[in-house]
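> This is coords.txt, which holds compact mmCIF, C-alpha atoms and all ligand atoms:
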# COMPACT_ATOMS: atom_id res chain seq x y z
CA MET A 1 0.00 0.00 0.00
CA GLY A 2 1.36 3.40 -0.97
CA VAL A 3 2.13 6.16 1.47
CA ALA A 4 1.87 9.27 -0.70
CA THR A 5 -1.41 10.39 -2.24
CA LEU A 6 -2.44 13.19 -4.59
CA ARG A 7 -5.92 14.06 -5.84
CA ALA A 8 -7.14 16.02 -8.82
CA ARG A 9 -10.31 16.93 -10.68
CA VAL A 10 -10.31 16.49 -14.43
CA PRO A 11 -13.01 18.84 -15.72
CA GLY A 12 -14.73 18.39 -19.04
CA PRO A 13 -18.00 17.25 -20.52
CA ASP A 14 -16.80 13.86 -21.76
CA GLN A 15 -15.72 11.89 -18.72
CA ALA A 16 -16.15 8.53 -20.43
CA ARG A 17 -13.46 9.63 -22.89
CA THR A 18 -11.12 10.56 -20.01
CA LEU A 19 -11.53 7.05 -18.61
CA ALA A 20 -11.04 5.61 -22.08
CA VAL A 21 -7.55 7.13 -22.52
CA PHE A 22 -6.44 5.50 -19.28
CA ARG A 23 -8.10 2.19 -20.21
CA ASP A 24 -6.06 2.35 -23.45
CA LEU A 25 -2.89 2.94 -21.40
CA GLY A 26 -3.68 -0.11 -19.26
CA GLN A 27 -4.28 -2.26 -22.32
CA GLN A 28 -1.17 -1.03 -24.15
CA LEU A 29 1.12 -1.68 -21.19
CA GLU A 30 -0.80 -4.78 -20.06
CA LEU A 31 -1.27 -3.30 -16.59
CA THR A 32 -3.46 -4.79 -13.91
CA MET A 33 -6.77 -2.89 -14.20
CA VAL A 34 -9.93 -2.99 -12.13
CA GLU A 35 -13.09 -1.49 -13.57
CA SER A 36 -16.47 -1.35 -11.90
CA GLY A 37 -19.37 0.92 -12.76
CA HIS A 38 -17.91 4.38 -13.33
CA SER A 39 -14.54 3.67 -11.69
CA LEU A 40 -11.25 2.49 -13.12
CA SER A 41 -7.94 1.82 -11.41
CA LEU A 42 -4.56 0.95 -12.94
CA GLN A 43 -1.46 -0.45 -11.26
CA LEU A 44 1.73 1.02 -12.78
CA PRO A 45 5.31 0.21 -11.69
CA SER A 46 5.34 3.58 -9.85
CA GLY A 47 1.93 3.29 -8.18
CA GLU A 48 -1.84 3.43 -8.68
CA ILE A 49 -3.97 5.74 -10.80
CA ALA A 50 -7.66 5.61 -9.80
CA LEU A 51 -10.39 7.44 -11.68
CA LYS A 52 -14.03 7.96 -10.74
CA GLN A 53 -16.53 9.45 -13.13
CA GLY A 54 -18.73 12.17 -11.57
CA LYS A 55 -21.41 14.55 -12.88
CA SER A 56 -19.15 17.19 -14.41
CA GLU A 57 -15.64 15.90 -13.80
CA VAL A 58 -13.49 12.86 -13.22
CA ALA A 59 -12.00 12.50 -9.73
CA LEU A 60 -8.41 11.27 -9.93
CA THR A 61 -6.43 9.75 -7.05
CA LEU A 62 -2.74 8.86 -7.36
CA THR A 63 -1.10 6.65 -4.74
CA ALA A 64 2.60 5.75 -4.59
CA ALA A 65 5.29 4.65 -2.16
CA ASN A 66 7.06 8.01 -2.10
CA ASP A 67 6.90 11.57 -3.47
CA ALA A 68 9.22 10.80 -6.41
CA ARG A 69 7.00 7.96 -7.64
CA LEU A 70 3.92 10.10 -7.07
CA TYR A 71 5.42 12.84 -9.22
CA ALA A 72 6.32 10.30 -11.92
CA LEU A 73 2.68 9.10 -11.93
CA GLN A 74 1.50 12.72 -12.17
CA GLN A 75 3.63 13.19 -15.31
CA VAL A 76 2.11 9.98 -16.79
CA VAL A 77 -1.33 11.55 -16.25
CA PHE A 78 -0.29 14.71 -18.12
CA ALA A 79 1.20 12.71 -20.99
CA ARG A 80 -1.95 10.61 -21.25
CA LEU A 81 -4.41 13.51 -21.14
CA ALA A 82 -2.35 15.33 -23.78
CA ARG A 83 -3.34 12.54 -26.20
CA MET A 84 -7.02 13.55 -26.05
CA GLN A 85 -8.36 15.48 -28.99
CA ASP A 86 -9.17 18.50 -26.78
CA PRO A 87 -6.62 18.00 -24.00
CA VAL A 88 -7.74 19.00 -20.51
CA LEU A 89 -5.49 19.88 -17.57
CA PRO A 90 -6.22 18.30 -14.21
CA VAL A 91 -6.71 20.62 -11.22
CA TRP A 92 -4.56 19.16 -8.41
CA ASP A 93 -5.39 19.58 -4.74
CA HIS A 94 -1.76 20.56 -4.12
CA VAL A 95 1.16 21.73 -6.29
CA ASP A 96 4.65 22.63 -4.98
CA THR A 97 5.05 25.41 -7.53
CA GLY A 98 8.69 26.37 -8.09
CA ALA A 99 10.16 23.43 -6.15
CA LEU A 100 12.65 20.97 -7.65
CA PRO A 101 10.83 17.86 -8.97
CA PRO A 102 11.12 15.07 -6.36
CA THR A 103 12.35 12.76 -9.15
CA LEU A 104 15.46 14.96 -9.54
CA ALA A 105 18.66 14.18 -7.66
CA VAL A 106 21.26 16.94 -7.94
CA THR A 107 24.65 15.24 -7.82
CA GLN A 108 28.34 15.96 -8.29
CA VAL A 109 30.91 13.99 -10.23
CA GLU A 110 33.37 12.20 -7.99
CA THR A 111 35.38 10.25 -10.60
CA VAL A 112 35.40 9.40 -14.30
CA THR A 113 37.33 6.19 -15.00
CA GLN A 114 38.21 4.58 -18.32
CA ILE A 115 37.22 0.98 -17.51
CA SER A 116 37.83 -0.53 -21.00
CA PRO A 117 38.63 0.79 -24.50
CA ASN A 118 35.08 2.08 -25.15
CA PHE A 119 33.54 2.55 -21.71
CA ARG A 120 33.93 5.25 -19.08
CA ARG A 121 32.44 4.79 -15.62
CA VAL A 122 31.12 7.91 -13.93
CA ARG A 123 30.66 7.94 -10.17
CA VAL A 124 28.40 10.68 -8.79
CA VAL A 125 27.71 11.54 -5.16
CA GLY A 126 24.56 13.04 -3.71
CA THR A 127 22.11 12.92 -0.86
CA ASP A 128 19.00 11.29 -2.33
CA LEU A 129 20.36 8.33 -4.28
CA ARG A 130 19.02 5.35 -2.32
CA ARG A 131 15.69 5.53 -4.16
CA PHE A 132 17.46 4.70 -7.48
CA ALA A 133 17.93 1.14 -6.18
CA GLU A 134 14.37 0.18 -7.14
CA GLY A 135 11.46 1.23 -9.33
CA GLY A 136 13.36 1.00 -12.65
CA LEU A 137 16.93 0.59 -13.87
CA HIS A 138 17.24 3.91 -15.69
CA PHE A 139 17.33 7.66 -15.27
CA ARG A 140 17.55 10.78 -17.37
CA LEU A 141 21.00 12.37 -17.18
CA LEU A 142 20.62 16.17 -17.08
CA LEU A 143 23.74 17.82 -18.44
CA PRO A 144 24.06 21.59 -18.24
CA ARG A 145 25.66 23.16 -21.30
CA LEU A 146 29.45 23.20 -21.06
CA GLY A 147 30.63 26.26 -19.11
CA HIS A 148 27.09 27.14 -17.93
CA ALA A 149 25.99 27.03 -14.31
CA PRO A 150 23.14 24.50 -14.10
CA VAL A 151 19.55 25.77 -14.08
CA TRP A 152 17.46 22.82 -12.90
CA PRO A 153 13.89 22.04 -13.96
CA ARG A 154 11.14 23.19 -11.60
CA ILE A 155 7.55 22.23 -10.87
CA GLY A 156 5.23 24.54 -12.82
CA ALA A 157 2.02 26.02 -11.34
CA ASP A 158 -0.04 23.37 -13.16
CA GLY A 159 2.08 20.49 -11.78
CA ARG A 160 4.03 19.84 -14.98
CA THR A 161 7.83 19.85 -15.14
CA GLU A 162 9.11 23.16 -16.50
CA TRP A 163 12.38 22.61 -18.35
CA PRO A 164 14.98 25.38 -18.70
CA GLU A 165 15.18 26.68 -22.24
CA GLY A 166 17.52 28.64 -24.50
CA ALA A 167 21.08 28.88 -23.19
CA ASP A 168 19.98 27.03 -20.03
CA ALA A 169 18.50 24.05 -21.93
CA MET A 170 20.00 20.70 -20.95
CA HIS A 171 20.97 17.54 -22.81
CA ARG A 172 18.73 14.80 -21.33
CA PRO A 173 19.68 11.30 -22.57
CA VAL A 174 18.69 8.13 -20.69
CA TYR A 175 21.33 6.06 -18.85
CA THR A 176 21.31 3.03 -16.56
CA VAL A 177 22.33 2.75 -12.94
CA ARG A 178 25.23 0.29 -13.14
CA ALA A 179 25.93 0.07 -9.41
CA MET A 180 25.22 1.97 -6.25
CA ASP A 181 26.22 2.30 -2.65
CA PRO A 182 23.66 0.45 -0.48
CA GLY A 183 23.75 3.50 1.80
CA GLY A 184 22.86 5.76 -1.15
CA ALA A 185 26.02 7.91 -1.01
CA TRP A 186 27.21 7.19 -4.57
CA LEU A 187 25.95 5.84 -7.88
CA ASP A 188 27.85 4.59 -10.97
CA PHE A 189 26.81 4.70 -14.61
CA ASP A 190 28.78 3.45 -17.63
CA VAL A 191 29.05 5.57 -20.75
CA PHE A 192 29.70 3.86 -24.08
CA VAL A 193 31.97 6.36 -25.82
CA HIS A 194 31.09 7.04 -29.43
CA GLU A 195 31.88 9.52 -32.16
CA GLY A 196 29.99 12.82 -31.80
CA GLY A 197 28.35 11.89 -28.49
CA ARG A 198 27.65 14.85 -26.22
CA VAL A 199 27.92 12.63 -23.14
CA THR A 200 31.18 11.21 -24.50
CA ASP A 201 32.55 14.77 -24.80
CA TRP A 202 31.23 15.62 -21.34
CA THR A 203 33.06 12.66 -19.75
CA LEU A 204 36.32 14.05 -21.16
CA ASN A 205 35.75 17.39 -19.43
CA ALA A 206 33.78 16.48 -16.30
CA ALA A 207 36.00 17.48 -13.39
CA PRO A 208 35.38 16.22 -9.86
CA GLY A 209 32.68 18.45 -8.36
CA ALA A 210 30.90 19.10 -11.72
CA TRP A 211 27.12 19.27 -11.28
CA VAL A 212 24.84 16.78 -13.00
CA GLY A 213 21.17 15.94 -12.50
CA LEU A 214 19.67 12.45 -12.41
CA MET A 215 15.92 12.26 -13.01
CA GLY A 216 14.29 8.96 -12.19
CA PRO A 217 14.34 6.09 -11.64
CA SER A 218 12.33 5.02 -14.68
CA GLY A 219 11.64 2.00 -16.84
CA ARG A 220 10.69 -1.51 -15.91
CA GLU A 221 12.59 -4.02 -13.84
CA GLY A 222 14.06 -7.16 -15.42
CA PRO A 223 12.33 -10.17 -17.01
CA ASP A 224 10.27 -12.59 -14.95
CA ALA A 225 10.29 -16.10 -16.48
CA GLY A 226 12.03 -19.44 -15.99
CA TRP A 227 13.79 -19.11 -19.38
CA VAL A 228 15.10 -15.83 -20.78
CA ALA A 229 16.99 -14.66 -23.85
CA LEU A 230 18.59 -11.21 -23.65
CA PHE A 231 19.99 -9.42 -26.71
CA GLY A 232 21.74 -6.07 -26.33
CA ASP A 233 24.55 -3.89 -27.64
CA ASP A 234 27.14 -1.77 -25.79
CA THR A 235 24.51 0.74 -24.60
CA ALA A 236 22.48 -2.13 -23.13
CA LEU A 237 25.42 -3.78 -21.35
CA PRO A 238 24.78 -1.90 -18.06
CA ALA A 239 21.08 -2.90 -18.10
CA MET A 240 21.92 -6.52 -18.97
CA ALA A 241 24.51 -6.64 -16.19
CA ARG A 242 21.87 -5.49 -13.67
CA MET A 243 19.18 -7.86 -14.96
CA LEU A 244 21.48 -10.89 -15.08
CA ALA A 245 22.64 -10.23 -11.53
CA ASP A 246 19.03 -10.00 -10.31
CA LEU A 247 17.70 -13.17 -12.00
CA PRO A 248 16.80 -16.08 -9.70
CA ALA A 249 19.61 -18.69 -9.56
CA THR A 250 17.37 -21.28 -11.26
CA THR A 251 16.82 -19.20 -14.43
CA GLN A 252 17.86 -20.82 -17.74
CA GLY A 253 18.61 -19.12 -21.04
CA HIS A 254 21.06 -17.03 -23.04
CA ALA A 255 22.45 -13.49 -23.11
CA TYR A 256 23.95 -12.12 -26.36
CA ILE A 257 26.04 -8.98 -25.91
CA LEU A 258 27.33 -7.13 -28.96
CA LEU A 259 30.38 -4.93 -28.32
CA GLU A 260 32.68 -2.82 -30.43
CA THR A 261 35.58 -5.03 -29.32
CA LEU A 262 35.81 -8.03 -27.01
CA GLU A 263 38.24 -6.01 -24.89
CA ASP A 264 35.13 -4.26 -23.54
CA GLN A 265 33.90 -7.50 -21.91
CA GLN A 266 33.04 -7.26 -18.22
CA VAL A 267 32.80 -9.87 -15.50
CA LEU A 268 29.05 -10.31 -14.95
CA SER A 269 27.15 -12.17 -12.23
CA HIS A 270 24.54 -14.45 -13.77
CA PRO A 271 22.69 -17.70 -13.05
CA ALA A 272 24.72 -20.78 -14.02
CA GLY A 273 21.95 -21.83 -16.43
CA VAL A 274 22.19 -18.61 -18.47
CA THR A 275 24.97 -18.77 -21.09
CA LEU A 276 26.73 -15.53 -22.04
CA HIS A 277 27.61 -15.01 -25.71
CA TRP A 278 30.03 -12.09 -26.21
CA MET A 279 30.12 -10.81 -29.79
CA SER A 280 32.10 -8.08 -31.51
CA ARG A 281 31.21 -5.88 -34.48
CA GLN A 282 34.83 -6.12 -35.58
CA THR A 283 34.35 -9.86 -36.22
CA GLY A 284 30.89 -9.56 -37.76
CA GLY A 285 28.76 -10.03 -34.62
CA ASP A 286 25.09 -9.27 -35.23
CA LEU A 287 22.22 -9.30 -32.73
CA LEU A 288 19.46 -9.92 -35.28
CA SER A 289 21.21 -13.03 -36.66
CA ALA A 290 21.62 -14.32 -33.12
CA LEU A 291 17.92 -13.69 -32.47
CA ARG A 292 16.83 -15.40 -35.69
CA SER A 293 18.75 -18.57 -34.86
CA GLN A 294 17.66 -18.77 -31.20
CA ALA A 295 15.37 -21.70 -30.33
CA LEU A 296 12.71 -20.90 -27.73
CA PRO A 297 10.83 -23.09 -25.24
CA GLU A 298 7.04 -23.26 -25.63
CA THR A 299 6.16 -21.65 -22.30
CA ASP A 300 7.57 -19.69 -19.32
CA ARG A 301 9.89 -17.67 -21.60
CA PHE A 302 10.86 -14.04 -22.06
CA VAL A 303 12.86 -12.31 -24.79
CA TRP A 304 14.47 -8.91 -24.11
CA PHE A 305 16.11 -6.85 -26.87
CA ALA A 306 17.74 -3.41 -26.67
CA GLY A 307 19.98 -1.64 -29.15
CA GLU A 308 19.84 0.57 -32.22
CA SER A 309 16.25 1.72 -32.94
CA ALA A 310 15.89 0.34 -36.49
CA GLN A 311 17.25 -3.03 -35.31
CA ALA A 312 14.85 -2.97 -32.37
CA ALA A 313 11.94 -2.39 -34.78
CA THR A 314 13.05 -5.42 -36.85
CA ALA A 315 13.41 -7.51 -33.67
CA ARG A 316 9.91 -6.47 -32.52
CA ALA A 317 8.42 -7.57 -35.84
CA LEU A 318 10.35 -10.86 -35.81
CA LEU A 319 9.25 -11.73 -32.29
CA LYS A 320 5.63 -11.04 -33.13
CA THR A 321 5.34 -12.63 -36.55
CA ASP A 322 8.06 -15.33 -36.79
CA PHE A 323 8.29 -16.33 -33.12
CA THR A 324 4.58 -15.53 -32.40
CA LEU A 325 5.43 -14.34 -28.90
CA LEU A 326 2.78 -12.49 -26.92
CA ARG A 327 3.39 -8.97 -25.67
CA HIS A 328 3.93 -10.00 -22.07
CA GLU A 329 6.69 -12.39 -23.26
CA THR A 330 8.86 -9.65 -24.78
CA SER A 331 10.45 -6.29 -24.11
CA VAL A 332 12.04 -4.51 -27.08
CA SER A 333 13.58 -1.02 -26.89
CA GLY A 334 15.52 1.29 -29.15
CA TYR A 335 18.34 2.67 -26.97
CA TRP A 336 19.83 4.96 -29.61
CA ALA A 337 19.19 5.97 -33.21
CA GLN A 338 21.58 5.79 -36.13
CA PRO A 339 21.29 9.17 -37.88
CA THR A 340 19.34 8.91 -41.13
CA PRO A 341 21.53 9.88 -44.13
CA ALA A 342 20.59 13.26 -45.59
CA THR A 343 18.58 12.90 -48.80
CA PRO A 344 20.22 14.68 -51.75
CA THR A 345 18.29 17.78 -52.84
C1 LIG B 401 16.55 2.94 -21.36
C2 LIG B 401 17.91 3.35 -21.91
C3 LIG B 401 19.05 3.07 -21.18
C4 LIG B 401 20.32 3.44 -21.69
N1 LIG B 401 21.43 3.17 -20.94
C5 LIG B 401 22.65 3.50 -21.42
C6 LIG B 401 23.84 3.28 -20.64
O1 LIG B 401 23.78 2.84 -19.48
N2 LIG B 401 25.06 3.59 -21.21
C7 LIG B 401 25.15 4.12 -22.49
O2 LIG B 401 26.28 4.37 -22.97
N3 LIG B 401 24.04 4.38 -23.22
C8 LIG B 401 22.80 4.10 -22.71
N4 LIG B 401 21.69 4.38 -23.44
C9 LIG B 401 21.85 4.97 -24.78
C10 LIG B 401 22.08 6.48 -24.75
O3 LIG B 401 20.97 7.12 -24.12
C11 LIG B 401 22.20 7.00 -26.20
O4 LIG B 401 23.31 6.40 -26.83
C12 LIG B 401 22.32 8.51 -26.24
O5 LIG B 401 22.11 8.95 -27.56
C13 LIG B 401 23.67 8.98 -25.78
O6 LIG B 401 23.72 10.37 -25.89
P1 LIG B 401 25.00 11.13 -26.46
O7 LIG B 401 25.01 12.46 -25.84
O8 LIG B 401 26.19 10.25 -26.26
O9 LIG B 401 24.74 11.21 -28.01
P2 LIG B 401 23.96 12.36 -28.76
O10 LIG B 401 24.70 13.66 -28.57
O11 LIG B 401 22.53 12.29 -28.35
O12 LIG B 401 24.06 11.91 -30.26
C14 LIG B 401 25.19 12.26 -31.09
C15 LIG B 401 25.30 11.30 -32.23
O13 LIG B 401 25.69 10.04 -31.73
C16 LIG B 401 24.89 9.04 -32.28
N5 LIG B 401 24.80 7.95 -31.29
C17 LIG B 401 24.06 7.93 -30.16
N6 LIG B 401 24.27 6.78 -29.50
C18 LIG B 401 25.17 6.07 -30.24
C19 LIG B 401 25.78 4.81 -30.08
N7 LIG B 401 25.52 4.01 -29.04
N8 LIG B 401 26.64 4.39 -31.03
C20 LIG B 401 26.93 5.16 -32.11
N9 LIG B 401 26.38 6.38 -32.31
C21 LIG B 401 25.51 6.82 -31.37
C22 LIG B 401 23.56 9.71 -32.57
O14 LIG B 401 22.87 9.09 -33.62
C23 LIG B 401 24.01 11.08 -33.00
O15 LIG B 401 24.31 11.12 -34.36
C24 LIG B 401 20.43 4.07 -22.94
C25 LIG B 401 19.25 4.37 -23.66
C26 LIG B 401 18.01 4.02 -23.14
C27 LIG B 401 16.76 4.37 -23.93
When written as structure tokens, how does the structure in this file appear?

Amino acid sequence: MGVATLRARVPGPDQARTLAVFRDLGQQLELTMVESGHSLSLQLPSGEIALKQGKSEVALTLTAANDARLYALQQVVFARLARMQDPVLPVWDHVDTGALPPTLAVTQVETVTQISPNFRRVRVVGTDLRRFAEGGLHFRLLLPRLGHAPVWPRIGADGRTEWPEGADAMHRPVYTVRAMDPGGAWLDFDVFVHEGGRVTDWTLNAAPGAWVGLMGPSGREGPDAGWVALFGDDTALPAMARMLADLPATTQGHAYILLETLEDQQVLSHPAGVTLHWMSRQTGGDLLSALRSQALPETDRFVWFAGESAQAATARALLKTDFTLLRHETSVSGYWAQPTPATPT
């Protein structure tokens, strides 16, 4: 049962439609949903969204384990309502206008270490990091522009996150918590260094004490099945390392990890029944070929794929049509996008 609650009224003449956009969310994400009469409740990884249809408005109640998760749920509500044809804004019973979002941890760089030819490990220190241990593996890295003092996002009067703009705008890519201090004093993330990457450039210049924001945690936890197959590239190595370490010891399966060079291999904890397959681009390694030739058990299985976006789209189609896996048996994500070549004019 959650400990933080927030209520809102969603005005508007078409309350059935308001409920419908949340029902769609539940169906898309295959969330646990309870519907009775004019009420609907959804269980998300960060907490519960409950809606009750009234005469002239929908009453909304959000419940979560802490303020950060409550705020994350609130932002889900905004994103969902924005999909309506005539979007409506909820009226919250309380907004901390001007405060820092509770999902934001303001941290400072302690060290940047080259751990292998193409990976740099960044250790940050801060005061509110313990909550990144659960509720998702990922976070948004908020990088102030080089040479600019950071201007952090704030909570707007309507409850939405207000992002700094113009010269204060931040680069906000998603990264994965690789490891953290059980006491919450430090957190590590691994950066795959690549040509033209703004984070890559930042790691070259980030001096101890440099400010950086972490917004999260976000995303789902690892797979939950007796047999798993994980496919991921360099950017997914931190997430795969976390998931493999968290799998029950009895789990069977395979993990295929595509790296620039095998010198980037890491020592990973994993169940004895899960075989690791390290592959390198330099010797023709290819995640989609590995996926195509993987045999799957009939039941109690889960396939996870993360890498370049176009490859992820191909993997998603393969898993659906060739492997005929159901949605709850897969998780496929594009972690980065290859730039599309400019079309000649
Ligand atoms: C859920 C999730 C978790 C992630 N976790 C991690 C993580 O732990 N570690 C990690 O390194 N990455 C991770 N990524 C990927 C990372 O967010 C992207 O690679 C992001 O684009 C990096 O930003 P950048 O500033 O380096 O590049 P940008 O400045 O955004 O892009 C610059 C150029 O680099 C290209 N580019 C971006 N990524 C790559 C790449 N991997 N290889 C080659 N070219 C690239 C872009 O197409 C663009 O042309 C994760 C992504 C997601 C969605």
> What are the closest atom pairs, with distances in Å to one decimal, for each residue of chain A lying within 10 Å of ligand LIG 401 (chain B), using only C-alpha atoms and all ligand atoms, rows by chain and rising residue number, as CSV?

residue,atom,partner,partner_atom,distance
A:Asn118,CA,B:LIG401,O2,9.4
A:Phe119,CA,B:LIG401,O2,7.6
A:Arg120,CA,B:LIG401,O2,8.6
A:Arg121,CA,B:LIG401,N2,9.3
A:Gly136,CA,B:LIG401,C1,9.5
A:Leu137,CA,B:LIG401,C1,7.9
A:His138,CA,B:LIG401,C1,5.8
A:Phe139,CA,B:LIG401,C3,7.7
A:Arg140,CA,B:LIG401,O3,8.4
A:Leu141,CA,B:LIG401,O3,8.7
A:Leu143,CA,B:LIG401,O7,9.2
A:His171,CA,B:LIG401,O7,7.2
A:Arg172,CA,B:LIG401,O7,8.1
A:Pro173,CA,B:LIG401,O3,4.6
A:Val174,CA,B:LIG401,O3,4.2
A:Tyr175,CA,B:LIG401,N1,3.6
A:Thr176,CA,B:LIG401,O1,3.8
A:Val177,CA,B:LIG401,O1,6.7
A:Arg178,CA,B:LIG401,O1,7.0
A:Asp188,CA,B:LIG401,O1,9.6
A:Phe189,CA,B:LIG401,O1,6.0
A:Asp190,CA,B:LIG401,N2,5.2
A:Val191,CA,B:LIG401,O2,3.7
A:Phe192,CA,B:LIG401,O2,3.6
A:Val193,CA,B:LIG401,O2,6.7
A:His194,CA,B:LIG401,C20,5.3
A:Glu195,CA,B:LIG401,O13,6.2
A:Gly196,CA,B:LIG401,C14,4.9
A:Gly197,CA,B:LIG401,O8,3.5
A:Arg198,CA,B:LIG401,O7,3.6
A:Val199,CA,B:LIG401,O7,4.0
A:Thr200,CA,B:LIG401,O8,5.4
A:Asp201,CA,B:LIG401,O8,7.9
A:Trp202,CA,B:LIG401,O7,8.3
A:Thr203,CA,B:LIG401,O8,9.8
A:Ser218,CA,B:LIG401,C1,8.2
A:Gly219,CA,B:LIG401,C1,6.7
A:Arg220,CA,B:LIG401,C1,9.2
A:Asp233,CA,B:LIG401,N7,8.1
A:Asp234,CA,B:LIG401,O2,6.8
A:Thr235,CA,B:LIG401,N3,3.9
A:Ala236,CA,B:LIG401,N1,5.8
A:Leu237,CA,B:LIG401,O1,7.1
A:Pro238,CA,B:LIG401,O1,5.0
A:Ala239,CA,B:LIG401,O1,6.5
A:Met240,CA,B:LIG401,O1,9.6
A:Glu260,CA,B:LIG401,N8,9.4
A:Ala306,CA,B:LIG401,C26,8.2
A:Gly307,CA,B:LIG401,N7,7.9
A:Glu308,CA,B:LIG401,N7,7.4
A:Ser309,CA,B:LIG401,C27,9.4
A:Ser333,CA,B:LIG401,C27,6.9
A:Gly334,CA,B:LIG401,C27,6.2
A:Tyr335,CA,B:LIG401,C27,3.8
A:Trp336,CA,B:LIG401,C11,4.6
A:Ala337,CA,B:LIG401,O14,4.8
A:Gln338,CA,B:LIG401,O14,4.3
A:Pro339,CA,B:LIG401,O14,4.5
A:Thr340,CA,B:LIG401,O14,8.3
> Given only C-alpha atoms as the basis, pick out the residue of A:Gly37, A:Pro90, A:Arg281, A:Ala245 nearest to Leu262 of chain A.
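Selected residue with least distance to Leu262 of chain A: A:Arg281.
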> Between A:Thr103, A:Gly213, A:Thr113, A:Gly126, which one has atoms that come closest to Pro150 of chain A, using all atoms listed in the file?
A:Gly213
> With only C-alpha atoms as the basis for distance, which of A:Leu230, A:His328, A:Phe305, A:Thr107 is at the shortest distance from Leu31 of chain A?
A:His328
> Extract, using only C-alpha atoms, all DNA, RNA and protein residues at most 7 Å from Ile49 of chain A, discarding same-chain residues fewer than 6 positions from it, and format them as a ChimeraX atom specification.
/A:41-43,61-63
> Between A:Gly26, A:Gly147, A:Leu6, A:His270, which residue has the minimum interatomic distance to Val91 of chain A, considering only C-alpha atoms?
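Using only C-alpha atoms, Val91 of chain A sits closest to A:Leu6.
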> Tell me, in Å to one decimal, how far atom CA of Tyr71 of chain A is from atom CA of Leu100 of chain A.
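Between these atoms lies a distance of 11.0 Å.
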> In Å to one decimal, how far is atom CA of Trp152 of chain A from atom CA of Val106 of chain A?
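Between atom CA of Val106 of chain A and atom CA of Trp152 of chain A the gap works out to 8.6 Å.
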> Taking N, CA, C and O atoms as the atom set, what does segment 156-166 of chain A look like once completed, written as an mmCIF file, in the coordinates of the input?

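Generated file (rebuild30.cif):
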data_model
loop_
_atom_site.group_PDB
_atom_site.id
_atom_site.type_symbol
_atom_site.label_atom_id
_atom_site.label_comp_id
_atom_site.auth_asym_id
_atom_site.auth_seq_id
_atom_site.Cartn_x
_atom_site.Cartn_y
_atom_site.Cartn_z
ATOM 1 N N GLY A 156 6.034 23.413 -12.371
ATOM 2 C CA GLY A 156 5.230 24.540 -12.820
ATOM 3 C C GLY A 156 3.936 24.648 -12.013
ATOM 4 O O GLY A 156 3.555 23.707 -11.307
ATOM 5 N N ALA A 157 3.240 25.775 -12.135
ATOM 6 C CA ALA A 157 2.020 26.020 -11.340
ATOM 7 C C ALA A 157 0.936 24.975 -11.645
ATOM 8 O O ALA A 157 0.086 24.698 -10.796
ATOM 9 N N ASP A 158 0.975 24.381 -12.840
ATOM 10 C CA ASP A 158 -0.040 23.370 -13.160
ATOM 11 C C ASP A 158 0.399 21.951 -12.801
ATOM 12 O O ASP A 158 -0.304 20.987 -13.062
ATOM 13 N N GLY A 159 1.599 21.816 -12.208
ATOM 14 C CA GLY A 159 2.080 20.490 -11.780
ATOM 15 C C GLY A 159 3.026 19.849 -12.774
ATOM 16 O O GLY A 159 3.652 18.833 -12.476
ATOM 17 N N ARG A 160 3.129 20.434 -13.982
ATOM 18 C CA ARG A 160 4.030 19.840 -14.980
ATOM 19 C C ARG A 160 5.466 20.294 -14.755
ATOM 20 O O ARG A 160 5.704 21.383 -14.210
ATOM 21 N N THR A 161 6.423 19.473 -15.238
ATOM 22 C CA THR A 161 7.830 19.850 -15.140
ATOM 23 C C THR A 161 8.113 20.981 -16.116
ATOM 24 O O THR A 161 7.789 20.879 -17.300
ATOM 25 N N GLU A 162 8.706 22.057 -15.610
ATOM 26 C CA GLU A 162 9.110 23.160 -16.500
ATOM 27 C C GLU A 162 10.597 23.054 -16.743
ATOM 28 O O GLU A 162 11.400 23.178 -15.812
ATOM 29 N N TRP A 163 10.964 22.813 -18.000
ATOM 30 C CA TRP A 163 12.380 22.610 -18.350
ATOM 31 C C TRP A 163 13.035 23.929 -18.708
ATOM 32 O O TRP A 163 12.416 24.750 -19.397
ATOM 33 N N PRO A 164 14.274 24.161 -18.279
ATOM 34 C CA PRO A 164 14.980 25.380 -18.700
ATOM 35 C C PRO A 164 15.158 25.386 -20.217
ATOM 36 O O PRO A 164 15.327 24.333 -20.830
ATOM 37 N N GLU A 165 15.100 26.572 -20.774
ATOM 38 C CA GLU A 165 15.180 26.680 -22.240
ATOM 39 C C GLU A 165 16.328 27.583 -22.658
ATOM 40 O O GLU A 165 17.006 28.160 -21.808
ATOM 41 N N GLY A 166 16.500 27.741 -23.956
ATOM 42 C CA GLY A 166 17.520 28.640 -24.500
ATOM 43 C C GLY A 166 18.907 28.204 -24.060
ATOM 44 O O GLY A 166 19.255 27.017 -24.100
#
